[in-house]
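Step one of this worksheet: look at the structure below.
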Number of protein chains: 2
Amino acid sequence: MSKRRLAILDTAARLISQQGFTHTSVDDVIREAGLSGKSHFYHYFPSKEALGFEVLDRQFGRFTDRGLAILREPMIEPLDRLSLFIDTLVALQRERDARNGSPFGNLAGELADSHEGFRQRLDVVFERWAQQLQSLLWELHDQLREGVDTARLARFIIAALEGGMLMTRVTRDVAVMEGIGADLKRFVATHLRDGKLLLRTVAERELAQSAT
Amino acid sequence: MSKRRLAILDTAARLISQQGFTHTSVDDVIREAGLSGKSHFYHYFPSKEALGFEVLDRQFGRFTDRGLAILREPMIEPLDRLSLFIDTLVALQRERDARNGSPFGNLAGELADSHEGFRQRLDVVFERWAQQLQSLLWELHDQLREGVDTARLARFIIAALEGGMLMTRVTRDVAVMEGIGADLKRFVATHLRDGKLLLRTVAERELAQSAT
């Protein structure tokens with residue numbers, strides 16, 4: 001991909017995260033990316049919408065590589081991977097001073113009702129995220145209680161994390177996200193046959209973390 | 001309050017829910033509310049911001065009266081009240097065909113990073129909501145396991161519900177919200193001394209509901 005095209009995508013991602021997709025105009029992108037004018041922009045992207053979709057694709061690609069990849073890490077036990085994944089999202093909120101939150105949640109909040117193209121693409125994003133979680137839960141199959149609906153549990157995990165990132169942005173308090181992450185681990189542990197043991201392990205781990 | 005003022009607030013609430021606060025202009029409100037012009041608008045509200053704050057206040061007032069009121073219903077057992085409250089939010093998503101979601105979550109998604117005035121007001125909204133949940137959890141005090149952090153649990157409940165409403169808007173599938181509501185009840189039950197019994201009760205209740 002050309003450097004210029006990448007620069008436009010990065011600029012658009014920043015603008016969309018700051019002011020939303022609707023409020024980001026092609027003129028904003030042209031100005032902020034230092035393009036010479038509209039024909040310069042349309043040389044790279046057929047429309048603002050096409051640019052927006054590609055921004056979302058790239059964000060999900062990055063999330064897949066850096067975030068969801070943890071869920072597939074072969075050298076780590078499945079439950080530890082899930083725990084690490086949750087910790088990663090908490091750490092991200094900490095690094096960002098509780099700002100920004102999830103690009104998918106933000107776009108969903110803005111566009112789920114008003115823009116069918118984005119709604120469908122976000123539906124795919126959350127579905128793929130849920131599938132990754134579900135694959136991990138299948139690996140845990142032998143340890144899960146009977147009758148656990150892994151698809152539903154995967155969706156619950158995403159909802160709690162998305163809601164947590166939203167609450168954290170509002171409170172500007174990373175402790176909110178930390179609490180939600182810890183509670184989510186507890187909730188997952190209640191789906192295990194030996195839930196009590198794992199509940200203790202999670203609690204011990206937290207204790208060890210808080211001591212460092 | 002004058003009829004005209006109310007009509008402006010209702011119009012603004014609808015426009016903000018459809019296109020966001022940032023994208024809703026005073027001109028939009030003037031046109032949609034049938035006002036004669038800017039001076040007519042400014043006769044009622046000093047600024048678009050003041051109008052937006054009052055829209056949020058009214059939405060939280062309505063939520064307090066119709067939603068949170070269930071949490072304080074003196075004739076119903078605390079745990080049943082919490083269950084009914086969750087069911088109410090699920091039913092609301094069903095009625096709305098999974099559109100719109102939470103006005104607080106939507107505003108938070110749009111403005112938490114960019115508008116300090118809205119961020120602070122939304123922080124108060126979520127704090128009051130959490131306090132209502134916490135009061136109910138305090139009522140359950142004797143039934144709760146030792147060491148339950150009621151403030152944290154209250155925040156978790158809100159995060160899961162907000163995340164659930166967001167996911168439901170994206171999937172357009174109320175079953176997602178139903179699953180999250182049911183899982184949330186299960187999670188609350190794990191905080192009770194006699195969690196197993198209440199887990200069964202919730203499951204039985206679901207069974208009874210699905211049979212009707």
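Simple scheme: letters A, B, ... for chains in structure tokens order, numbers from 1 for residues in each chain, numbers from 1 for ligands in the order shown.
Counting only C-alpha atoms, Leu153 of chain B has the following residues at most 10 Å away, ignoring those fewer than 5 positions along the same chain: Gly179, Ile180 and Asp183 of chain A; Ala130, Leu133, Gln134, Leu137, Val148, Ile158, Ala159, Phe187, Val188 and His191 of chain B.
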Residues of chain A within 6 Å of chain B, only C-alpha atoms counted, as a PDB file with N, CA and C atoms, in the first residue's frame:
ATOM      1  N   ASN A 106     -17.455   2.322  19.772  1.00  0.00           N
ATOM      2  CA  ASN A 106     -17.721   3.722  19.427  1.00  0.00           C
ATOM      3  C   ASN A 106     -18.485   3.836  18.114  1.00  0.00           C
ATOM      4  N   GLY A 109     -22.040   2.580  18.580  1.00  0.00           N
ATOM      5  CA  GLY A 109     -22.875   3.569  19.245  1.00  0.00           C
ATOM      6  C   GLY A 109     -23.336   4.648  18.283  1.00  0.00           C
ATOM      7  N   ALA A 112     -24.962   2.165  14.480  1.00  0.00           N
ATOM      8  CA  ALA A 112     -25.713   0.896  14.380  1.00  0.00           C
ATOM      9  C   ALA A 112     -27.141   1.100  13.879  1.00  0.00           C
ATOM     10  N   ARG A 119     -23.425  -1.128  10.263  1.00  0.00           N
ATOM     11  CA  ARG A 119     -24.020  -2.088  11.184  1.00  0.00           C
ATOM     12  C   ARG A 119     -23.636  -3.512  10.783  1.00  0.00           C
ATOM     13  N   ASP A 123     -21.378  -6.068  12.890  1.00  0.00           N
ATOM     14  CA  ASP A 123     -21.943  -7.364  13.256  1.00  0.00           C
ATOM     15  C   ASP A 123     -20.915  -8.465  12.967  1.00  0.00           C
ATOM     16  N   PHE A 156     -21.517 -12.588  26.099  1.00  0.00           N
ATOM     17  CA  PHE A 156     -21.560 -11.906  27.396  1.00  0.00           C
ATOM     18  C   PHE A 156     -20.203 -11.280  27.707  1.00  0.00           C
ATOM     19  N   ALA A 159     -19.861  -8.159  25.652  1.00  0.00           N
ATOM     20  CA  ALA A 159     -20.748  -7.094  26.157  1.00  0.00           C
ATOM     21  C   ALA A 159     -20.174  -6.460  27.420  1.00  0.00           C
ATOM     22  N   ALA A 160     -19.693  -7.297  28.352  1.00  0.00           N
ATOM     23  CA  ALA A 160     -19.152  -6.756  29.602  1.00  0.00           C
ATOM     24  C   ALA A 160     -17.902  -5.916  29.329  1.00  0.00           C
ATOM     25  N   GLU A 162     -17.113  -4.356  26.421  1.00  0.00           N
ATOM     26  CA  GLU A 162     -17.511  -3.126  25.721  1.00  0.00           C
ATOM     27  C   GLU A 162     -18.166  -2.151  26.701  1.00  0.00           C
ATOM     28  N   GLY A 163     -19.072  -2.657  27.523  1.00  0.00           N
ATOM     29  CA  GLY A 163     -19.715  -1.806  28.531  1.00  0.00           C
ATOM     30  C   GLY A 163     -18.696  -1.252  29.507  1.00  0.00           C
ATOM     31  N   GLY A 164     -17.730  -2.091  29.875  1.00  0.00           N
ATOM     32  CA  GLY A 164     -16.680  -1.652  30.791  1.00  0.00           C
ATOM     33  C   GLY A 164     -15.835  -0.530  30.211  1.00  0.00           C
ATOM     34  N   ARG A 169     -14.541   5.244  30.167  1.00  0.00           N
ATOM     35  CA  ARG A 169     -14.392   6.544  29.503  1.00  0.00           C
ATOM     36  C   ARG A 169     -15.180   7.615  30.246  1.00  0.00           C
ATOM     37  N   VAL A 170     -16.358   7.229  30.742  1.00  0.00           N
ATOM     38  CA  VAL A 170     -17.216   8.213  31.419  1.00  0.00           C
ATOM     39  C   VAL A 170     -16.651   8.574  32.797  1.00  0.00           C
ATOM     40  N   THR A 171     -16.192   7.566  33.532  1.00  0.00           N
ATOM     41  CA  THR A 171     -15.695   7.833  34.888  1.00  0.00           C
ATOM     42  C   THR A 171     -14.254   8.338  34.872  1.00  0.00           C
ATOM     43  N   ILE A 180     -14.285  -4.652  36.478  1.00  0.00           N
ATOM     44  CA  ILE A 180     -15.088  -5.399  35.514  1.00  0.00           C
ATOM     45  C   ILE A 180     -14.296  -6.580  34.954  1.00  0.00           C
TER      46      ILE A 180
END
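Interatomic distance, atom CA of Val26 of chain B against atom CA of Gln59 of chain B: 19.6 Å.
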- Query: Which residue out of A:Leu79, A:Val55, A:Leu136, A:Leu144 has the minimum interatomic distance to Asp10 of chain A when only C-alpha atoms are used?
  - Reply: A:Val55
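Residues lying within 12 Å of Ser39 of chain B, counting only C-alpha atoms and ignoring same-chain neighbours fewer than 6 positions away, are B:Val26, B:Asp27, B:Ile30, B:Phe45, B:Pro46, B:Ser47.
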Go ahead and save the residues from that selection, with C-alpha atoms, as a PDB file, in the first residue's frame.
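Once written, part.pdb looks like this:
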ATOM      1  CA  VAL B  26     -29.865  24.504  16.366  1.00  0.00           C
ATOM      2  CA  ASP B  27     -31.203  24.942  12.810  1.00  0.00           C
ATOM      3  CA  ILE B  30     -35.778  25.046  14.767  1.00  0.00           C
ATOM      4  CA  PHE B  45     -32.712  27.848  25.664  1.00  0.00           C
ATOM      5  CA  PRO B  46     -29.516  29.862  26.055  1.00  0.00           C
ATOM      6  CA  SER B  47     -27.521  27.410  23.891  1.00  0.00           C
TER       7      SER B  47
END
- Task: Go through segment 13-47 of chain A and collect every residue that DSSP, computed from the backbone, puts in alpha helix (DSSP H); the answer should be as number ranges by chain.
- Result: A: 13-19, 26-32, 38-44
- Query: Leaving out Pro78 of chain A and any residue of its chain fewer than 2 positions from it, which residues lie within 8 Å of it when counting only C-alpha atoms, given as a PyMOL selection string?
  - Reply: chain A and resi 71+76+80-82+136-137+139-140
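Going from atom CA of Arg193 of chain B to atom CA of Arg145 of chain B covers 4.8 Å.
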- Correct to one decimal, the distance atom CA of Arg4 of chain B-atom CA of Leu56 of chain B is 18.0 Å
